[in-house]
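> Sharing target36.cif, mmCIF, C-alpha atoms and all ligand atoms:
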data_final
loop_
_atom_site.label_atom_id
_atom_site.label_comp_id
_atom_site.auth_asym_id
_atom_site.auth_seq_id
_atom_site.Cartn_x
_atom_site.Cartn_y
_atom_site.Cartn_z
CA MET N 1 0.00 0.00 0.00
CA THR N 2 1.41 3.39 -0.92
CA GLN N 3 1.25 5.89 1.86
CA LYS N 4 0.10 9.39 1.03
CA THR N 5 2.34 12.11 2.42
CA MET N 6 2.96 15.77 1.67
CA SER N 7 5.95 18.07 1.71
CA LYS N 8 6.60 20.08 4.84
CA GLU N 9 5.53 23.22 3.01
CA GLU N 10 2.27 21.65 1.81
CA TYR N 11 1.63 20.26 5.26
CA LEU N 12 2.20 23.58 7.02
CA ASN N 13 0.07 25.51 4.58
CA LYS N 14 -2.71 22.91 4.57
CA VAL N 15 -3.35 23.67 8.23
CA LYS N 16 -4.88 27.04 7.48
CA ASP N 17 -7.10 25.61 4.70
CA LEU N 18 -8.50 23.04 7.11
CA ASP N 19 -9.39 25.78 9.50
CA THR N 20 -12.89 26.56 8.26
CA THR N 21 -13.98 28.77 11.11
CA SER N 22 -14.98 32.24 10.05
CA GLU N 23 -14.96 33.78 13.50
CA ALA N 24 -12.38 36.36 14.44
CA PRO N 25 -10.24 35.51 17.49
CA LYS N 26 -11.94 36.29 20.78
CA VAL N 27 -11.10 39.63 22.29
CA LEU N 28 -11.10 38.92 25.98
CA GLU N 29 -13.03 41.09 28.36
CA ASN N 30 -11.73 39.07 31.23
CA THR N 31 -7.97 38.69 31.12
CA ASP N 32 -7.43 36.68 34.27
CA PHE N 33 -4.70 34.10 33.81
CA LEU N 34 -6.89 30.99 33.38
CA THR N 35 -9.08 32.67 30.77
CA VAL N 36 -6.05 33.83 28.81
CA ALA N 37 -4.47 30.35 28.95
CA LYS N 38 -7.73 28.73 27.78
CA GLU N 39 -8.41 31.21 25.02
CA ARG N 40 -4.93 31.47 23.43
CA ARG N 41 -4.91 29.68 20.09
CA SER N 42 -2.42 29.47 17.27
CA VAL N 43 -3.70 32.02 14.80
CA ARG N 44 -2.50 31.82 11.19
CA GLN N 45 -4.45 34.62 9.51
CA TYR N 46 -3.83 38.23 10.39
CA ASP N 47 -4.94 41.73 9.55
CA GLN N 48 -2.10 42.74 7.24
CA ASN N 49 -2.68 46.44 7.78
CA TYR N 50 -2.46 46.34 11.55
CA LYS N 51 0.66 47.91 12.97
CA ILE N 52 1.70 47.26 16.55
CA GLU N 53 3.60 50.16 18.08
CA GLU N 54 7.13 49.52 19.20
CA GLY N 55 6.17 50.51 22.76
CA GLU N 56 3.56 47.74 22.88
CA ILE N 57 6.02 45.14 21.58
CA ARG N 58 8.48 46.24 24.22
CA GLU N 59 5.79 45.96 26.89
CA LEU N 60 4.99 42.38 25.83
CA LEU N 61 8.68 41.48 25.87
CA GLU N 62 9.13 43.11 29.29
CA THR N 63 6.45 40.74 30.58
CA ALA N 64 7.91 37.76 28.73
CA ILE N 65 11.38 38.22 30.23
CA LEU N 66 9.95 37.80 33.72
CA ALA N 67 9.95 34.06 32.88
CA PRO N 68 12.21 31.80 34.93
CA SER N 69 15.56 30.62 33.55
CA SER N 70 18.40 28.35 34.55
CA SER N 71 20.45 30.20 37.25
CA ASN N 72 18.53 33.33 36.18
CA LEU N 73 20.95 33.64 33.25
CA GLN N 74 18.14 34.74 30.87
CA PRO N 75 19.69 33.28 27.71
CA TRP N 76 16.80 34.48 25.54
CA ARG N 77 17.54 36.94 22.77
CA PHE N 78 14.88 38.41 20.44
CA LEU N 79 15.08 39.49 16.85
CA VAL N 80 11.94 41.47 16.01
CA ILE N 81 11.32 41.38 12.28
CA GLU N 82 8.93 44.22 11.49
CA ASP N 83 10.17 45.42 8.11
CA GLN N 84 7.91 44.00 5.38
CA ALA N 85 10.85 43.37 3.03
CA GLU N 86 12.61 41.39 5.78
CA LYS N 87 9.44 39.36 6.40
CA GLU N 88 9.28 38.60 2.65
CA ARG N 89 12.91 37.49 2.83
CA LEU N 90 12.06 35.21 5.77
CA SER N 91 9.01 33.70 4.07
CA PRO N 92 10.75 31.06 1.88
CA ILE N 93 12.97 30.07 4.82
CA ALA N 94 9.77 29.39 6.81
CA ASN N 95 8.06 27.32 4.12
CA GLY N 96 6.06 30.25 2.78
CA GLN N 97 3.76 30.24 5.80
CA GLN N 98 1.21 32.99 5.34
CA GLN N 99 1.49 34.34 8.88
CA ILE N 100 5.13 35.29 8.31
CA THR N 101 4.24 38.05 5.87
CA GLU N 102 0.75 38.91 7.17
CA ALA N 103 1.25 39.33 10.91
CA SER N 104 2.46 42.70 12.18
CA VAL N 105 5.82 41.29 13.26
CA VAL N 106 7.68 38.02 13.53
CA ILE N 107 9.71 37.60 16.68
CA ALA N 108 12.59 35.16 16.42
CA VAL N 109 13.29 33.77 19.87
CA LEU N 110 16.94 32.78 20.17
CA GLY N 111 18.94 31.20 22.97
CA ASP N 112 22.47 32.39 23.74
CA LYS N 113 24.61 29.38 24.62
CA LYS N 114 27.19 31.71 26.19
CA ALA N 115 24.69 33.60 28.35
CA TYR N 116 26.64 32.51 31.43
CA ASN N 117 29.20 35.19 30.56
CA ASN N 118 26.66 37.72 31.88
CA ALA N 119 26.63 36.10 35.33
CA ASP N 120 28.54 38.97 36.95
CA GLN N 121 26.16 41.62 35.58
CA ILE N 122 23.11 39.63 36.67
CA TYR N 123 24.30 38.77 40.15
CA SER N 124 25.70 42.27 40.73
CA GLN N 125 22.15 43.60 40.21
CA ILE N 126 20.95 41.20 42.91
CA ALA N 127 23.77 42.25 45.25
CA GLU N 128 23.14 45.95 44.61
CA LYS N 129 19.51 45.49 45.64
CA GLY N 130 20.83 44.16 48.92
CA ASN N 131 19.50 40.67 48.21
CA MET N 132 22.90 38.94 48.26
CA PRO N 133 26.12 39.77 50.15
CA GLU N 134 29.05 40.74 47.90
CA ASP N 135 31.23 37.74 48.87
CA ILE N 136 28.41 35.25 48.20
CA LYS N 137 27.81 36.94 44.85
CA GLU N 138 31.50 36.44 43.95
CA MET N 139 31.27 32.76 44.86
CA TYR N 140 28.06 32.35 42.89
CA VAL N 141 29.43 34.01 39.79
CA ASN N 142 32.66 32.02 39.92
CA SER N 143 30.83 28.73 40.24
CA ILE N 144 28.47 29.60 37.36
CA LEU N 145 31.41 30.50 35.15
CA GLU N 146 33.13 27.26 36.07
CA ASN N 147 30.09 24.97 35.77
CA TYR N 148 28.51 26.41 32.65
CA GLY N 149 31.94 26.91 31.11
CA ASN N 150 32.46 23.16 31.34
CA PHE N 151 29.03 22.13 30.09
CA SER N 152 28.92 20.41 26.72
CA GLU N 153 27.57 22.25 23.69
CA GLU N 154 24.61 19.86 23.81
CA LYS N 155 23.79 20.74 27.41
CA LEU N 156 24.12 24.49 26.77
CA THR N 157 21.81 24.11 23.77
CA ARG N 158 19.30 22.21 25.87
CA ILE N 159 19.30 24.94 28.52
CA ALA N 160 18.90 27.65 25.87
CA MET N 161 15.97 25.75 24.33
CA ILE N 162 14.20 25.12 27.64
CA ASP N 163 14.52 28.73 28.79
CA GLY N 164 13.64 29.91 25.27
CA GLY N 165 10.44 27.83 25.41
CA LEU N 166 9.43 29.33 28.73
CA VAL N 167 9.92 32.92 27.58
CA SER N 168 8.06 32.16 24.34
CA MET N 169 5.02 30.86 26.19
CA GLN N 170 4.99 33.88 28.47
CA LEU N 171 5.20 36.16 25.42
CA MET N 172 2.25 34.43 23.73
CA LEU N 173 0.10 34.64 26.86
CA ALA N 174 1.01 38.30 27.39
CA ALA N 175 0.04 38.99 23.78
CA LYS N 176 -3.34 37.29 24.21
CA ALA N 177 -4.01 39.26 27.40
CA LYS N 178 -3.28 42.47 25.49
CA GLY N 179 -5.68 41.62 22.64
CA TYR N 180 -3.17 40.18 20.18
CA ASP N 181 -2.71 36.76 18.65
CA THR N 182 0.33 34.62 17.97
CA VAL N 183 1.49 31.37 16.46
CA PRO N 184 4.70 29.64 17.45
CA MET N 185 6.65 28.18 14.53
CA GLY N 186 9.29 25.50 14.32
CA GLY N 187 8.63 25.01 10.62
CA PHE N 188 11.62 26.93 9.28
CA ASP N 189 15.14 26.10 8.16
CA GLU N 190 17.29 27.05 11.15
CA SER N 191 20.61 27.13 9.35
CA GLU N 192 19.21 29.21 6.46
CA PHE N 193 17.65 31.55 8.98
CA VAL N 194 20.91 31.99 10.88
CA LYS N 195 22.73 32.80 7.64
CA ALA N 196 20.11 35.12 6.18
CA PHE N 197 19.64 37.18 9.35
CA ASP N 198 23.28 37.24 10.52
CA VAL N 199 22.41 35.52 13.79
CA PRO N 200 25.48 35.42 16.05
CA GLU N 201 27.22 32.05 16.21
CA ASP N 202 26.42 31.41 19.88
CA TYR N 203 22.68 31.94 19.40
CA GLU N 204 20.44 28.92 18.87
CA PRO N 205 17.10 29.56 17.12
CA VAL N 206 14.32 28.42 19.47
CA MET N 207 11.20 29.35 17.50
CA LEU N 208 9.61 32.07 15.41
CA ILE N 209 6.46 33.73 16.73
CA SER N 210 4.10 35.68 14.49
CA LEU N 211 2.37 38.44 16.43
CA GLY N 212 -0.51 40.61 15.27
CA LYS N 213 -4.25 41.19 15.14
CA GLY N 214 -5.80 37.86 14.22
CA LYS N 215 -8.43 37.72 11.49
CA LYS N 216 -9.52 34.10 12.03
CA ALA N 217 -9.71 32.37 15.36
CA GLY N 218 -7.65 29.25 14.70
CA PHE N 219 -8.67 25.73 15.63
CA GLU N 220 -10.78 25.00 18.61
CA LYS N 221 -8.57 23.28 21.16
CA THR N 222 -8.28 19.51 21.06
CA ARG N 223 -6.06 17.71 23.51
CA LEU N 224 -5.38 14.12 24.48
CA PRO N 225 -7.32 13.24 27.61
CA LEU N 226 -5.31 14.26 30.67
CA ASP N 227 -5.20 10.67 31.88
CA ASP N 228 -3.37 9.62 28.70
CA VAL N 229 -0.49 11.89 29.60
CA LEU N 230 -0.56 11.74 33.38
CA GLN N 231 1.17 9.31 35.70
CA TRP N 232 1.57 9.59 39.45
CA ASN N 233 4.78 8.75 41.32
CA ARG N 234 6.50 6.30 38.92
CA TYR N 235 6.40 4.91 35.44
C1 LIG L 1 7.54 24.38 18.91
C2 LIG L 1 6.31 24.59 18.08
C3 LIG L 1 6.43 24.66 16.71
C4 LIG L 1 5.29 24.91 15.91
N1 LIG L 1 5.45 25.09 14.58
C5 LIG L 1 4.39 25.50 13.84
C6 LIG L 1 4.59 25.90 12.49
O1 LIG L 1 5.70 25.91 11.94
N2 LIG L 1 3.49 26.31 11.77
C7 LIG L 1 2.25 26.36 12.34
O2 LIG L 1 1.32 26.75 11.62
N3 LIG L 1 2.04 26.00 13.63
C8 LIG L 1 3.08 25.60 14.39
N4 LIG L 1 2.92 25.31 15.74
C9 LIG L 1 1.58 25.49 16.34
C10 LIG L 1 0.91 24.15 16.70
O3 LIG L 1 0.41 23.56 15.53
C11 LIG L 1 -0.20 24.44 17.70
O4 LIG L 1 0.38 24.98 18.88
C12 LIG L 1 -0.99 23.20 18.08
O5 LIG L 1 -1.68 22.71 16.95
C13 LIG L 1 -1.99 23.46 19.20
O6 LIG L 1 -2.88 24.48 18.87
P1 LIG L 1 -3.05 25.80 19.76
O7 LIG L 1 -1.69 26.50 19.77
O8 LIG L 1 -4.08 26.61 19.04
O9 LIG L 1 -3.45 25.41 21.12
C14 LIG L 1 4.02 25.02 16.51
C15 LIG L 1 3.91 24.89 17.90
C16 LIG L 1 5.03 24.71 18.67
C17 LIG L 1 4.89 24.64 20.18
#
Mind turning the file's structure into structure tokens?
Ligand SMILES: Cc1cc2nc3c(=O)[nH]c(=O)nc-3n(C[C@H](O)[C@H](O)[C@H](O)COP(=O)(O)O)c2cc1C

Amino acid sequence: MTQKTMSKEEYLNKVKDLDTTSEAPKVLENTDFLTVAKERRSVRQYDQNYKIEEGEIRELLETAILAPSSSNLQPWRFLVIEDQAEKERLSPIANGQQQITEASVVIAVLGDKKAYNNADQIYSQIAEKGNMPEDIKEMYVNSILENYGNFSEEKLTRIAMIDGGLVSMQLMLAAKAKGYDTVPMGGFDESEFVKAFDVPEDYEPVMLISLGKGKKAGFEKTRLPLDDVLQWNRY
């Protein structure tokens, strides 16, 4: 039996055709956390004329970077692609996904594998606030430099990806709470992206996030039953 498959590009672009809903995404009157978490959906069709002000993007990112990170090293880095010509240049690298060119901006979330080099700056802020004695700070920073400095590339990548995932989620929820929509994207060629956008060598692409005013709501949520994914105490 021959199995029917499709190219990655066809597959990614099929998703939006399957989405037959005609409703616009919900604008939330109630933005308490549980409502926002329930109502966020991946939105793939955007109002192309909607411009988000830089100040609002900064506000969303200020909320996103409150996310937790390994040793508070905050390895996330953001490349905000707002120029239409740059979005067009990104489009083929991201399988021609419509949301790349239609959403107000695309935010590339990156993870800096050498973020531990900022340990002194980060822990000095904590010490200056009076939340850590100077000598403890020195010890902390030295042990971070030593430990992280000896971690394998694989482990540093893993840390950058985990922390990058957390900040991405926080960004998408912040956007929903502020009346915007998003879709996270892994469907792009990472090495082409790095080349085309001059991404520094130590930065690992985590995901792309389209951000804008959604035109169509996106799929209603379907999830595996909780009990299919839940185990208590031991496997
Ligand atoms: C890491 C990651 C990569 C994803 N990549 C894509 C993508 O390239 N294109 C796309 O249309 N959706 C992409 N998605 C969105 C998922 O399809 C979507 O989150 C999932 O179907 C659940 O729907 P919901 O986000 O509306 O709850 C991605 C999601 C994640 C978390």
> Neighbours of ligand LIG 1 (chain L) at 6 Å or closer, counting only C-alpha atoms and all ligand atoms: which residues, as a compact mmCIF listing (two decimals) with C-alpha atoms, in the frame of the given file?

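Saved to part_37.txt:
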# COMPACT_ATOMS: atom_id res chain seq x y z
CA LEU N 12 2.20 23.58 7.02
CA ARG N 41 -4.91 29.68 20.09
CA SER N 42 -2.42 29.47 17.27
CA VAL N 183 1.49 31.37 16.46
CA PRO N 184 4.70 29.64 17.45
CA MET N 185 6.65 28.18 14.53
CA GLY N 186 9.29 25.50 14.32
CA GLY N 187 8.63 25.01 10.62
CA PHE N 219 -8.67 25.73 15.63
CA LYS N 221 -8.57 23.28 21.16
> For segment 120-137 of chain N, what centre and edge lengths in Å (one decimal) does the axis-aligned box get once 6 Å is added on each side of all its listed atoms, as AutoDock Vina command-line options?

--center_x 25.4 --center_y 40.6 --center_z 42.9 --size_x 23.7 --size_y 22.7 --size_z 26.6
> Restricting the calculation to all atoms listed in the file, which member of N:Leu34, N:Val199, N:Val206, N:Leu73 is positioned closest to Ile144 of chain N?
N:Leu73
> Fewer than 5 positions away in the same chain doesn't count, so skip those; otherwise give me all residues within 10 Å of Lys113 of chain N, counting only C-alpha atoms, as a PDB file with C-alpha atoms, in the frame of the given file.

ATOM      1  CA  PRO N  75      19.690  33.280  27.710  1.00  0.00           C
ATOM      2  CA  TRP N  76      16.800  34.480  25.540  1.00  0.00           C
ATOM      3  CA  TYR N 148      28.510  26.410  32.650  1.00  0.00           C
ATOM      4  CA  GLU N 153      27.570  22.250  23.690  1.00  0.00           C
ATOM      5  CA  GLU N 154      24.610  19.860  23.810  1.00  0.00           C
ATOM      6  CA  LYS N 155      23.790  20.740  27.410  1.00  0.00           C
ATOM      7  CA  LEU N 156      24.120  24.490  26.770  1.00  0.00           C
ATOM      8  CA  THR N 157      21.810  24.110  23.770  1.00  0.00           C
ATOM      9  CA  ARG N 158      19.300  22.210  25.870  1.00  0.00           C
ATOM     10  CA  ILE N 159      19.300  24.940  28.520  1.00  0.00           C
ATOM     11  CA  ALA N 160      18.900  27.650  25.870  1.00  0.00           C
ATOM     12  CA  MET N 161      15.970  25.750  24.330  1.00  0.00           C
ATOM     13  CA  GLU N 201      27.220  32.050  16.210  1.00  0.00           C
ATOM     14  CA  ASP N 202      26.420  31.410  19.880  1.00  0.00           C
ATOM     15  CA  TYR N 203      22.680  31.940  19.400  1.00  0.00           C
ATOM     16  CA  GLU N 204      20.440  28.920  18.870  1.00  0.00           C
TER      17      GLU N 204
END
> Between atom CA of Lys38 of chain N and atom CA of Val105 of chain N, what is the distance in Å, rounded to a tenth?
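Distance reported for this atom pair: 23.5 Å.
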> Nearest to Ser104 of chain N among N:Leu224, N:Val194, N:Ile209, N:Val141, with distances taken over all atoms listed in the file: which residue is it?
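Under the stated criterion, the closest residue is N:Ile209.
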> May I ask which of the residues N:Gln3, N:Gln170, N:Ser124, N:Asn150 is the closest one to Val36 of chain N, counting only C-alpha atoms?
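Among N:Gln3, N:Gln170, N:Ser124, N:Asn150, it is N:Gln170 that comes nearest to Val36 of chain N.
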> For a test of reading the model, state the distance in Å between atom CA of Phe188 of chain N and atom CA of Lys87 of chain N, rounded to one decimal.
12.9 Å
> Work out how far atom CA of Ile107 of chain N is from atom CA of Gly214 of chain N, in Å to one decimal.
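According to the coordinates, atom CA of Gly214 of chain N and atom CA of Ile107 of chain N are separated by 15.7 Å.
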> Please determine, counting all atoms listed in the file, which residue among N:Ile162, N:Ala24, N:Ala177, N:Ile57 has the shortest atom-to-atom distance to Arg44 of chain N.
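So, comparing all the options, the nearest one is N:Ala24.
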